[in-house]
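In what follows, a single structure is set out as structure tokens and then discussed.
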Amino acid sequence: MIVELGHFTLILALMLAAVQVVIPLVGAHKDWRGWMALAGPAATAQFLCIAISFAALTWAFVTSDFSLRLVVENSHTLKPMLYKVSGVWGNHEGSMLLWVLILAGFGATAAWFGGGLPERLKARVLSVQAMIGLAFLAFILFTSNPFLRLAEPPFDGQDLNPLLQDPGLAFHPPFLYLGYVGLSMAFSFAVAALIEGRVDAAWARWVRPWTLAAWMFLTIGIALGSWWAYYELGWGGFWFWDPVENASFMPWLIAAALLHSAIVVEKRETLKAWTILLAILAFGFSLIGTFIVRSGIITSVHAFANDPERGIFILAILAVFIGGALTLYAARAGAMEAKGVFAMVSRESALVLNNVLLAVAAFVVFVGTLWPLIAELAFDRKLSVGAPFFNQAFTPFMIVLAILLPLGAIMPWKRARLERSMRPLYPALILALALGALAFAVQTERTALAPVGVALGVWLIAGAAAELWQRAGHQVARLGRLPRADWGKAAAHSGLGIVFIGIACLMAWDVEDIRVAKVGESFAVGGFDIALDRVEKVEGPNYLSTMATMIVSREGRQVAVLHPEKRVYPVAAMPTTEAAISNGVWRDIYLVIGDEQADGGWAVRTYIKPFANWIWGGAILMALGGILSLSDRRYRVAAGARKARGALAAPAE
């Protein structure tokens, strides 16, 4: 009964989305206030219906209702409760239901807290949001229905993919979808603005919080995925340039560009057309990511391998929405005249360069991700584009961006003098060069990656501190009175600097050792002595494990006792590697146990990972910067709306 209720409310949500598309849009065109007012209640009702549907599917997983095909394919009675719940979105159908739930949630939030929006703009935004919801609800019901029953339910299920039975992967998809889908709000605002033919500072103030929230959630989601890959896959890597990793990284880069571009629109009433284009592209890359993951065109541990018909449906959605938005953009872009004028050396110019670097970097990732597919289809050649290409093609843009950020943030609007803008940053520059030289001095015969990365990271952190100090008028007492948005920007830029340091040091100073070790033997790696104490069989709730006990010591002092595992999940008939990690501020000791060898020894991989946790610490700080900025009164949708109520801008001629 509960499952049927979930199915019914999902169909009802489709009908409500259709109503929300048509009536508010017609009302905005005809200036019928009653029709426009229907958008809010329809958005709320649609969200509640999808929430009931999602709750019904969750109930089926929690209670192991094996009359539901999706539960049979992705659950098992012995599976821990956390993974029964995460199994709801650990598959194609359930994850799409979560996708539309978040989409409807963003629309409902805009309806609840968008009281400061002009009636016409609000009605059009909610209508466009409902169009996206209508398309994906139809996709779910016609191609990916999660509520299909089995005539003869089995006694037990087939279990969830063991790689997904992990806390990191339990929370990674929801945060990632919050980011992916959150960019739909920027898209809806952009299309609504194009329909009206007007964009100004107030529009930028309304669109920035949604973009910032989406960027923040994407940051957390990407960081969780990177952390999971680091400790779960057993190779010690934090980023593999996997197509699905790239699918989330591309909208993150475009969203970052959109955030900076919207600042120029808000402050200087320029870059309007470019900002609208970025809003369209940001959500476009989210849809491209959805297509990559669900079309079956790529092979990845992250991907949902599905039939091509579903991919064609998503491709059609992508073509309709992005193609339609770009067509509307082509018709209206000429009318979005820029008002502000600025010199070549100014904060506006720095933000333009920032946008160009981020957009080109995203394009490089896009080309590298899809080129093997294009080569196979167009030239019948099988190619592989891996980390060497991405590292060489992508890194230079990030280096230039890191150099530019502190200087651009401190420049005045409209016109600046380079020498004068650099004065507050000289201490930061000296500190960055000094610590970079120190990093170079402590290493011998190694790559320059670490010194350069340390210098750039310190430059970003010290530059953010210098900007705060200047904004406070060089007075400590005034630092606490600075707007939260200033602190949020400083935290985000500093977090990026910490990520730079972590990545550079880890890649340059990583120590790796692969050997066969026997029980009772010890060996030295990177200044640590590691002893294989014992190997034993352990039974988990739904797996069998070969667990090693390894003692790590340094100069006769015990540092850690670690237990790497090699698990086998009998139901799924799939092995997994569970690395054991001794985390530290300055380094991680990373141990992996492999197969037993013919001579009685065990394959052991050991990594010493310097500054590994700085990568995820920096990502957390970046997300915290987003939260701080969102808490600033000026970032709320209603802020400044009273000044511009009813007059977003003069209509374009």
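Residues in the structure tokens are named by chain (A, B, ... in the order shown) and by number from 1 within that chain; ligands are numbered from 1 in the order shown.
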Residue contacts of A:Leu318 (9 Å, only C-alpha atoms) excluding same-chain residues fewer than 5 positions away, as a PyMOL selection string: chain A and resi 284+287-288+291+313+323
Test item: residues at most 9 Å from stretch 139-147 of chain A, only C-alpha atoms, excluding those fewer than 6 positions along its chain, as a PDB file with C-alpha atoms, in the first residue's frame:
ATOM      1  CA  VAL A   3       4.636   1.658  -2.350  1.00  0.00           C
ATOM      2  CA  GLU A   4       1.459   2.295  -4.389  1.00  0.00           C
ATOM      3  CA  GLY A   6       4.550   6.576  -3.541  1.00  0.00           C
ATOM      4  CA  HIS A   7       3.836   5.691  -7.168  1.00  0.00           C
ATOM      5  CA  LEU A  10       4.894  10.689  -8.219  1.00  0.00           C
ATOM      6  CA  ILE A  11       2.267  10.736 -11.000  1.00  0.00           C
ATOM      7  CA  LEU A  14       3.988  15.215 -12.786  1.00  0.00           C
ATOM      8  CA  LEU A  57      10.742   4.126  -1.589  1.00  0.00           C
ATOM      9  CA  LEU A  68       9.849  -4.205  -5.404  1.00  0.00           C
ATOM     10  CA  ARG A  69      12.330  -4.953  -8.179  1.00  0.00           C
ATOM     11  CA  LEU A  70      14.614  -2.065  -7.239  1.00  0.00           C
ATOM     12  CA  HIS A  92      19.801   4.790 -11.280  1.00  0.00           C
ATOM     13  CA  GLU A  93      16.068   4.891 -10.520  1.00  0.00           C
ATOM     14  CA  GLY A  94      16.356   5.897  -6.866  1.00  0.00           C
ATOM     15  CA  MET A  96      16.827  10.117 -10.178  1.00  0.00           C
ATOM     16  CA  LEU A  97      14.000  10.280  -7.654  1.00  0.00           C
ATOM     17  CA  GLU A 309      17.485   4.558 -24.658  1.00  0.00           C
ATOM     18  CA  ARG A 310      17.694   6.312 -21.302  1.00  0.00           C
ATOM     19  CA  PHE A 313      16.019  10.641 -23.391  1.00  0.00           C
ATOM     20  CA  ILE A 314      18.455  12.637 -21.260  1.00  0.00           C
TER      21      ILE A 314
END
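Among the candidates A:Arg633, A:Lys537, A:Arg33, A:Lys382, the one nearest to A:Lys122 when counting only C-alpha atoms is A:Arg33.
Closest approach to A:Trp413 among A:Leu435, A:Val85, A:Trp252, A:Glu348: A:Glu348, based on only C-alpha atoms.
Restricting the calculation to only C-alpha atoms, the smallest distance between A:Gly600 and any of A:Gly40, A:Leu496, A:Val535, A:Leu194 is found for A:Val535.
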With a distance cut-off of 6 Å and only C-alpha atoms, select the neighbouring residues of stretch 221-237 of chain A, excluding the residue or stretch itself and same-chain residues fewer than 2 positions from it, and output the selection as a short mmCIF file (atom, residue, chain, number, x, y, z; two decimals) with C-alpha atoms, in the first residue's frame.
data_model
loop_
_atom_site.label_atom_id
_atom_site.label_comp_id
_atom_site.auth_asym_id
_atom_site.auth_seq_id
_atom_site.Cartn_x
_atom_site.Cartn_y
_atom_site.Cartn_z
CA GLY A 168 31.65 8.46 2.26
CA HIS A 172 28.53 11.91 -1.39
CA PHE A 175 25.58 16.65 -1.61
CA LEU A 176 26.60 16.29 -5.24
CA LEU A 218 29.27 20.78 -5.10
CA THR A 219 32.46 21.54 -3.16
CA TRP A 239 41.79 12.29 -7.99
CA THR A 577 40.15 -3.37 -0.63
CA GLU A 578 39.93 -1.54 2.70
CA ALA A 579 43.05 0.52 3.28
#
Contact residues around A:Pro388 with only C-alpha atoms at 12 Å, ignoring same-chain residues under 4 positions, as an MDAnalysis selection string: chainID A and resid 240:241 368 384 392:395
